[in-house]
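Source file: input.cif; contents: mmCIF, N, CA and C atoms.
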```cif
data_coords
loop_
_atom_site.group_PDB
_atom_site.id
_atom_site.type_symbol
_atom_site.label_atom_id
_atom_site.label_comp_id
_atom_site.auth_asym_id
_atom_site.auth_seq_id
_atom_site.Cartn_x
_atom_site.Cartn_y
_atom_site.Cartn_z
ATOM 1 N N MET A 1 39.890 8.847 48.515
ATOM 2 C CA MET A 1 39.254 9.635 47.490
ATOM 3 C C MET A 1 38.888 10.992 48.090
ATOM 4 N N THR A 2 39.287 12.010 47.398
ATOM 5 C CA THR A 2 39.052 13.362 47.899
ATOM 6 C C THR A 2 37.636 13.805 47.571
ATOM 7 N N THR A 3 37.260 14.888 48.161
ATOM 8 C CA THR A 3 35.937 15.454 47.915
ATOM 9 C C THR A 3 35.796 15.857 46.458
ATOM 10 N N GLU A 4 36.834 16.425 45.911
ATOM 11 C CA GLU A 4 36.819 16.823 44.503
ATOM 12 C C GLU A 4 36.637 15.612 43.590
ATOM 13 N N ASP A 5 37.316 14.520 43.913
ATOM 14 C CA ASP A 5 37.176 13.292 43.114
ATOM 15 C C ASP A 5 35.736 12.769 43.185
ATOM 16 N N ARG A 6 35.186 12.831 44.391
ATOM 17 C CA ARG A 6 33.804 12.367 44.558
ATOM 18 C C ARG A 6 32.836 13.239 43.763
ATOM 19 N N ILE A 7 33.024 14.532 43.809
ATOM 20 C CA ILE A 7 32.161 15.454 43.056
ATOM 21 C C ILE A 7 32.302 15.192 41.553
ATOM 22 N N ASP A 8 33.550 15.015 41.086
ATOM 23 C CA ASP A 8 33.773 14.712 39.675
ATOM 24 C C ASP A 8 33.072 13.414 39.281
ATOM 25 N N ARG A 9 33.196 12.433 40.162
ATOM 26 C CA ARG A 9 32.566 11.133 39.880
ATOM 27 C C ARG A 9 31.042 11.277 39.841
ATOM 28 N N ILE A 10 30.471 12.020 40.806
ATOM 29 C CA ILE A 10 29.020 12.246 40.833
ATOM 30 C C ILE A 10 28.581 12.981 39.570
ATOM 31 N N GLU A 11 29.351 13.987 39.157
ATOM 32 C CA GLU A 11 29.015 14.727 37.934
ATOM 33 C C GLU A 11 29.064 13.808 36.717
ATOM 34 N N HIS A 12 30.062 12.941 36.689
ATOM 35 C CA HIS A 12 30.204 12.001 35.579
ATOM 36 C C HIS A 12 29.009 11.036 35.541
ATOM 37 N N VAL A 13 28.635 10.487 36.689
ATOM 38 C CA VAL A 13 27.491 9.559 36.774
ATOM 39 C C VAL A 13 26.206 10.280 36.407
ATOM 40 N N THR A 14 26.045 11.496 36.913
ATOM 41 C CA THR A 14 24.854 12.285 36.609
ATOM 42 C C THR A 14 24.760 12.569 35.118
ATOM 43 N N ALA A 15 25.881 12.905 34.512
ATOM 44 C CA ALA A 15 25.888 13.167 33.064
ATOM 45 C C ALA A 15 25.540 11.901 32.289
ATOM 46 N N ALA A 16 26.041 10.756 32.727
ATOM 47 C CA ALA A 16 25.727 9.490 32.059
ATOM 48 C C ALA A 16 24.246 9.165 32.205
ATOM 49 N N LEU A 17 23.712 9.401 33.397
ATOM 50 C CA LEU A 17 22.274 9.171 33.612
ATOM 51 C C LEU A 17 21.434 10.098 32.737
ATOM 52 N N ALA A 18 21.842 11.353 32.643
ATOM 53 C CA ALA A 18 21.113 12.313 31.807
ATOM 54 C C ALA A 18 21.165 11.884 30.340
ATOM 55 N N GLU A 19 22.323 11.403 29.894
ATOM 56 C CA GLU A 19 22.458 10.944 28.506
ATOM 57 C C GLU A 19 21.580 9.712 28.257
ATOM 58 N N ASP A 20 21.578 8.791 29.221
ATOM 59 C CA ASP A 20 20.712 7.605 29.085
ATOM 60 C C ASP A 20 19.244 8.019 29.027
ATOM 61 N N ARG A 21 18.867 8.957 29.854
ATOM 62 C CA ARG A 21 17.482 9.443 29.874
ATOM 63 C C ARG A 21 17.120 10.081 28.527
ATOM 64 N N ARG A 22 18.042 10.866 27.966
ATOM 65 C CA ARG A 22 17.801 11.498 26.674
ATOM 66 C C ARG A 22 17.614 10.441 25.584
ATOM 67 N N LYS A 23 18.467 9.413 25.599
ATOM 68 C CA LYS A 23 18.359 8.326 24.625
ATOM 69 C C LYS A 23 17.021 7.595 24.775
ATOM 70 N N ASP A 24 16.631 7.344 26.031
ATOM 71 C CA ASP A 24 15.347 6.681 26.278
ATOM 72 C C ASP A 24 14.185 7.521 25.749
ATOM 73 N N ARG A 25 14.224 8.834 26.004
ATOM 74 C CA ARG A 25 13.156 9.713 25.513
ATOM 75 C C ARG A 25 13.069 9.668 23.992
ATOM 76 N N GLU A 26 14.213 9.701 23.326
ATOM 77 C CA GLU A 26 14.221 9.647 21.854
ATOM 78 C C GLU A 26 13.676 8.302 21.361
ATOM 79 N N GLU A 27 14.067 7.234 22.044
ATOM 80 C CA GLU A 27 13.559 5.910 21.670
ATOM 81 C C GLU A 27 12.038 5.842 21.857
ATOM 82 N N TYR A 28 11.535 6.389 22.969
ATOM 83 C CA TYR A 28 10.091 6.398 23.219
ATOM 84 C C TYR A 28 9.362 7.227 22.162
ATOM 85 N N ARG A 29 9.950 8.349 21.787
ATOM 86 C CA ARG A 29 9.337 9.180 20.734
ATOM 87 C C ARG A 29 9.257 8.411 19.417
ATOM 88 N N GLN A 30 10.333 7.730 19.086
ATOM 89 C CA GLN A 30 10.346 6.947 17.848
ATOM 90 C C GLN A 30 9.305 5.829 17.907
ATOM 91 N N LEU A 31 9.214 5.150 19.035
ATOM 92 C CA LEU A 31 8.200 4.112 19.201
ATOM 93 C C LEU A 31 6.797 4.700 19.075
ATOM 94 N N TRP A 32 6.587 5.888 19.643
ATOM 95 C CA TRP A 32 5.291 6.546 19.558
ATOM 96 C C TRP A 32 4.958 6.861 18.096
ATOM 97 N N ARG A 33 5.927 7.409 17.371
ATOM 98 C CA ARG A 33 5.692 7.725 15.952
ATOM 99 C C ARG A 33 5.387 6.458 15.157
ATOM 100 N N ASP A 34 6.133 5.393 15.403
ATOM 101 C CA ASP A 34 5.893 4.124 14.712
ATOM 102 C C ASP A 34 4.508 3.576 15.042
ATOM 103 N N THR A 35 4.134 3.668 16.306
ATOM 104 C CA THR A 35 2.812 3.185 16.714
ATOM 105 C C THR A 35 1.714 3.999 16.042
ATOM 106 N N GLN A 36 1.879 5.309 16.001
ATOM 107 C CA GLN A 36 0.886 6.163 15.348
ATOM 108 C C GLN A 36 0.781 5.842 13.857
ATOM 109 N N ARG A 37 1.916 5.621 13.219
ATOM 110 C CA ARG A 37 1.925 5.279 11.799
ATOM 111 C C ARG A 37 1.213 3.937 11.571
ATOM 112 N N GLN A 38 1.490 2.977 12.434
ATOM 113 C CA GLN A 38 0.832 1.674 12.309
ATOM 114 C C GLN A 38 -0.668 1.789 12.538
ATOM 115 N N LEU A 39 -1.075 2.596 13.507
ATOM 116 C CA LEU A 39 -2.505 2.804 13.751
ATOM 117 C C LEU A 39 -3.175 3.459 12.545
ATOM 118 N N ASN A 40 -2.505 4.439 11.953
ATOM 119 C CA ASN A 40 -3.055 5.091 10.760
ATOM 120 C C ASN A 40 -3.174 4.103 9.608
ATOM 121 N N ASP A 41 -2.144 3.284 9.408
ATOM 122 C CA ASP A 41 -2.199 2.270 8.346
ATOM 123 C C ASP A 41 -3.327 1.285 8.592
ATOM 124 N N LEU A 42 -3.475 0.865 9.830
ATOM 125 C CA LEU A 42 -4.536 -0.072 10.182
ATOM 126 C C LEU A 42 -5.910 0.547 9.951
ATOM 127 N N THR A 43 -6.056 1.808 10.303
ATOM 128 C CA THR A 43 -7.328 2.500 10.088
ATOM 129 C C THR A 43 -7.665 2.540 8.598
ATOM 130 N N LEU A 44 -6.679 2.843 7.766
ATOM 131 C CA LEU A 44 -6.911 2.873 6.316
ATOM 132 C C LEU A 44 -7.260 1.485 5.786
ATOM 133 N N LYS A 45 -6.565 0.475 6.265
ATOM 134 C CA LYS A 45 -6.857 -0.887 5.818
ATOM 135 C C LYS A 45 -8.261 -1.316 6.247
ATOM 136 N N MET A 46 -8.647 -0.930 7.454
ATOM 137 C CA MET A 46 -9.994 -1.269 7.918
ATOM 138 C C MET A 46 -11.046 -0.571 7.054
ATOM 139 N N ALA A 47 -10.808 0.675 6.703
ATOM 140 C CA ALA A 47 -11.750 1.403 5.849
ATOM 141 C C ALA A 47 -11.843 0.737 4.478
ATOM 142 N N ASP A 48 -10.696 0.348 3.925
ATOM 143 C CA ASP A 48 -10.699 -0.350 2.641
ATOM 144 C C ASP A 48 -11.452 -1.673 2.736
ATOM 145 N N THR A 49 -11.241 -2.379 3.835
ATOM 146 C CA THR A 49 -11.931 -3.659 4.031
ATOM 147 C C THR A 49 -13.431 -3.450 4.159
ATOM 148 N N GLN A 50 -13.833 -2.433 4.889
ATOM 149 C CA GLN A 50 -15.261 -2.144 5.027
ATOM 150 C C GLN A 50 -15.871 -1.771 3.682
ATOM 151 N N ASP A 51 -15.138 -1.011 2.863
ATOM 152 C CA ASP A 51 -15.628 -0.682 1.520
ATOM 153 C C ASP A 51 -15.776 -1.942 0.674
ATOM 154 N N ALA A 52 -14.795 -2.824 0.764
ATOM 155 C CA ALA A 52 -14.858 -4.073 -0.004
ATOM 156 C C ALA A 52 -16.028 -4.936 0.465
ATOM 157 N N ILE A 53 -16.264 -4.973 1.758
ATOM 158 C CA ILE A 53 -17.399 -5.739 2.288
ATOM 159 C C ILE A 53 -18.709 -5.136 1.792
ATOM 160 N N ALA A 54 -18.803 -3.818 1.800
ATOM 161 C CA ALA A 54 -20.027 -3.157 1.326
ATOM 162 C C ALA A 54 -20.254 -3.463 -0.155
ATOM 163 N N ARG A 55 -19.182 -3.420 -0.952
ATOM 164 C CA ARG A 55 -19.327 -3.746 -2.384
ATOM 165 C C ARG A 55 -19.753 -5.199 -2.566
ATOM 166 N N THR A 56 -19.174 -6.088 -1.769
ATOM 167 C CA THR A 56 -19.540 -7.505 -1.850
ATOM 168 C C THR A 56 -20.997 -7.710 -1.446
ATOM 169 N N ASN A 57 -21.417 -7.040 -0.387
ATOM 170 C CA ASN A 57 -22.817 -7.149 0.037
ATOM 171 C C ASN A 57 -23.762 -6.632 -1.038
ATOM 172 N N ASP A 58 -23.388 -5.546 -1.699
ATOM 173 C CA ASP A 58 -24.212 -5.020 -2.801
ATOM 174 C C ASP A 58 -24.288 -6.031 -3.942
ATOM 175 N N ALA A 59 -23.163 -6.627 -4.271
ATOM 176 C CA ALA A 59 -23.150 -7.623 -5.350
ATOM 177 C C ALA A 59 -24.005 -8.830 -4.972
ATOM 178 N N ILE A 60 -23.932 -9.253 -3.724
ATOM 179 C CA ILE A 60 -24.747 -10.382 -3.263
ATOM 180 C C ILE A 60 -26.227 -10.023 -3.347
ATOM 181 N N ALA A 61 -26.576 -8.813 -2.925
ATOM 182 C CA ALA A 61 -27.978 -8.383 -2.982
ATOM 183 C C ALA A 61 -28.468 -8.351 -4.426
ATOM 184 N N ARG A 62 -27.643 -7.830 -5.347
ATOM 185 C CA ARG A 62 -28.034 -7.807 -6.769
ATOM 186 C C ARG A 62 -28.205 -9.219 -7.296
ATOM 187 N N THR A 63 -27.295 -10.106 -6.913
ATOM 188 C CA THR A 63 -27.376 -11.504 -7.357
ATOM 189 C C THR A 63 -28.630 -12.165 -6.801
ATOM 190 N N ASN A 64 -28.917 -11.927 -5.520
ATOM 191 C CA ASN A 64 -30.126 -12.499 -4.927
ATOM 192 C C ASN A 64 -31.382 -11.978 -5.617
ATOM 193 N N ASP A 65 -31.391 -10.684 -5.953
ATOM 194 C CA ASP A 65 -32.537 -10.112 -6.676
ATOM 195 C C ASP A 65 -32.688 -10.768 -8.048
ATOM 196 N N ALA A 66 -31.566 -10.952 -8.734
ATOM 197 C CA ALA A 66 -31.609 -11.585 -10.063
ATOM 198 C C ALA A 66 -32.099 -13.027 -9.952
ATOM 199 N N ILE A 67 -31.635 -13.729 -8.942
ATOM 200 C CA ILE A 67 -32.088 -15.114 -8.730
ATOM 201 C C ILE A 67 -33.585 -15.127 -8.451
ATOM 202 N N GLN A 68 -34.068 -14.215 -7.630
ATOM 203 C CA GLN A 68 -35.498 -14.163 -7.319
ATOM 204 C C GLN A 68 -36.313 -13.849 -8.571
ATOM 205 N N ARG A 69 -35.836 -12.907 -9.386
ATOM 206 C CA ARG A 69 -36.548 -12.586 -10.647
ATOM 207 C C ARG A 69 -36.604 -13.796 -11.559
ATOM 208 N N GLU A 70 -35.485 -14.518 -11.664
ATOM 209 C CA GLU A 70 -35.452 -15.711 -12.510
ATOM 210 C C GLU A 70 -36.347 -16.809 -11.949
ATOM 211 N N THR A 71 -36.375 -16.942 -10.635
ATOM 212 C CA THR A 71 -37.254 -17.929 -10.007
ATOM 213 C C THR A 71 -38.712 -17.595 -10.294
ATOM 214 N N ASP A 72 -39.072 -16.331 -10.149
ATOM 215 C CA ASP A 72 -40.445 -15.906 -10.437
ATOM 216 C C ASP A 72 -40.783 -16.133 -11.905
ATOM 217 N N ARG A 73 -39.850 -15.781 -12.799
ATOM 218 C CA ARG A 73 -40.072 -15.972 -14.233
ATOM 219 C C ARG A 73 -40.237 -17.457 -14.558
ATOM 220 N N ALA A 74 -39.420 -18.308 -13.919
ATOM 221 C CA ALA A 74 -39.507 -19.743 -14.163
ATOM 222 C C ALA A 74 -40.841 -20.290 -13.669
ATOM 223 N N LYS A 75 -41.332 -19.804 -12.531
ATOM 224 C CA LYS A 75 -42.628 -20.251 -12.017
ATOM 225 C C LYS A 75 -43.754 -19.871 -12.970
ATOM 226 N N VAL A 76 -43.701 -18.649 -13.479
ATOM 227 C CA VAL A 76 -44.720 -18.200 -14.440
ATOM 228 C C VAL A 76 -44.659 -19.046 -15.702
ATOM 229 N N ALA A 77 -43.442 -19.275 -16.205
ATOM 230 C CA ALA A 77 -43.290 -20.081 -17.427
ATOM 231 C C ALA A 77 -43.771 -21.512 -17.185
ATOM 232 N N GLU A 78 -43.473 -22.058 -16.014
ATOM 233 C CA GLU A 78 -43.915 -23.416 -15.698
ATOM 234 C C GLU A 78 -45.440 -23.481 -15.639
ATOM 235 N N GLN A 79 -46.063 -22.482 -15.028
ATOM 236 C CA GLN A 79 -47.530 -22.475 -14.953
ATOM 237 C C GLN A 79 -48.139 -22.337 -16.347
ATOM 238 N N GLU A 80 -47.555 -21.486 -17.200
ATOM 239 C CA GLU A 80 -48.048 -21.359 -18.573
ATOM 240 C C GLU A 80 -47.922 -22.688 -19.312
ATOM 241 N N LEU A 81 -46.806 -23.393 -19.110
ATOM 242 C CA LEU A 81 -46.608 -24.690 -19.760
ATOM 243 C C LEU A 81 -47.631 -25.699 -19.245
ATOM 244 N N ARG A 82 -47.868 -25.697 -17.941
ATOM 245 C CA ARG A 82 -48.882 -26.609 -17.381
ATOM 246 C C ARG A 82 -50.262 -26.318 -17.975
ATOM 247 N N ASP A 83 -50.586 -25.038 -18.084
ATOM 248 C CA ASP A 83 -51.887 -24.670 -18.661
ATOM 249 C C ASP A 83 -51.983 -25.117 -20.115
ATOM 250 N N ARG A 84 -50.910 -24.931 -20.883
ATOM 251 C CA ARG A 84 -50.921 -25.348 -22.292
ATOM 252 C C ARG A 84 -51.057 -26.857 -22.420
ATOM 253 N N ILE A 85 -50.314 -27.583 -21.572
ATOM 254 C CA ILE A 85 -50.407 -29.049 -21.606
ATOM 255 C C ILE A 85 -51.820 -29.490 -21.240
ATOM 256 N N ALA A 86 -52.392 -28.877 -20.220
ATOM 257 C CA ALA A 86 -53.757 -29.230 -19.809
ATOM 258 C C ALA A 86 -54.748 -28.951 -20.920
ATOM 259 N N SER A 87 -54.590 -27.805 -21.604
ATOM 260 C CA SER A 87 -55.525 -27.495 -22.684
ATOM 261 C C SER A 87 -55.327 -28.437 -23.865
ATOM 262 N N LEU A 88 -54.070 -28.844 -24.156
ATOM 263 C CA LEU A 88 -53.810 -29.802 -25.243
ATOM 264 C C LEU A 88 -54.393 -31.173 -24.913
ATOM 265 N N VAL A 89 -54.212 -31.608 -23.692
ATOM 266 C CA VAL A 89 -54.767 -32.895 -23.273
ATOM 267 C C VAL A 89 -56.284 -32.851 -23.370
ATOM 268 N N SER A 90 -56.864 -31.749 -22.955
ATOM 269 C CA SER A 90 -58.313 -31.599 -23.030
ATOM 270 C C SER A 90 -58.777 -31.615 -24.484
ATOM 271 N N ALA A 91 -58.052 -30.911 -25.357
ATOM 272 C CA ALA A 91 -58.423 -30.877 -26.778
ATOM 273 C C ALA A 91 -58.268 -32.256 -27.417
ATOM 274 N N ILE A 92 -57.203 -32.955 -27.071
ATOM 275 C CA ILE A 92 -57.003 -34.300 -27.605
ATOM 276 C C ILE A 92 -58.139 -35.210 -27.117
ATOM 277 N N GLY A 93 -58.508 -35.058 -25.840
ATOM 278 C CA GLY A 93 -59.587 -35.854 -25.278
ATOM 279 C C GLY A 93 -60.918 -35.605 -25.995
ATOM 280 N N GLN A 94 -61.139 -34.394 -26.442
ATOM 281 C CA GLN A 94 -62.368 -34.075 -27.152
ATOM 282 C C GLN A 94 -62.346 -34.624 -28.587
ATOM 283 N N LEU A 95 -61.170 -34.745 -29.165
ATOM 284 C CA LEU A 95 -61.064 -35.261 -30.525
ATOM 285 C C LEU A 95 -61.173 -36.779 -30.593
ATOM 286 N N LEU A 96 -60.807 -37.443 -29.538
ATOM 287 C CA LEU A 96 -60.866 -38.911 -29.540
ATOM 288 C C LEU A 96 -62.336 -39.363 -29.525
ATOM 289 N N PRO A 97 -62.620 -40.401 -30.327
ATOM 290 C CA PRO A 97 -64.005 -40.885 -30.326
ATOM 291 C C PRO A 97 -64.340 -41.545 -28.996
ATOM 292 N N ARG A 98 -65.548 -41.386 -28.608
ATOM 293 C CA ARG A 98 -65.996 -41.984 -27.343
ATOM 294 C C ARG A 98 -66.609 -43.342 -27.660
ATOM 295 N N PRO A 99 -66.299 -44.336 -26.909
ATOM 296 C CA PRO A 99 -66.851 -45.663 -27.193
ATOM 297 C C PRO A 99 -68.305 -45.824 -26.831
#
```
Please re-express this file's structure in structure tokens.
Amino acid sequence: MTTEDRIDRIEHVTAALAEDRRKDREEYRQLWRDTQRQLNDLTLKMADTQDAIARTNDAIARTNDAIQRETDRAKVAEQELRDRIASLVSAIGQLLPRP
């Protein structure tokens, strides 16, 4: 193999290596863009999920408040009923003849 053949071969190998390197760089760029796009999508999904959680927490808080109001109202109504029953029993007791 002559010196010229060796130089041609080295140039050919070098050109192939340069082409492979260029392809690798393009592939890495594409992977980077895909990764960035996926990160952006994930960020948006996380924000949507956090908004949904906040709305759910608000709904739970409203429901808990409504339950507490109803519980308080039921306690008041129960006490009023107890008072009415006690007064009726007392009135009936006063109407009954004593032996």
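For the pair atom CA of A:Leu44 and atom CA of A:Glu26, the separation is 27.1 Å.
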Centre and edge lengths of an axis-aligned box around all listed atoms of stretch 85-96 of chain A, with 4 Å added on each side, are to be given in Å to one decimal, as JSON.
```
{"center_x": -56.3, "center_y": -33.4, "center_z": -25.2, "size_x": 20.1, "size_y": 19.9, "size_z": 18.8}
```
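From atom CA of A:Asn64 back to atom CA of A:Thr49, the distance works out to 22.1 Å.
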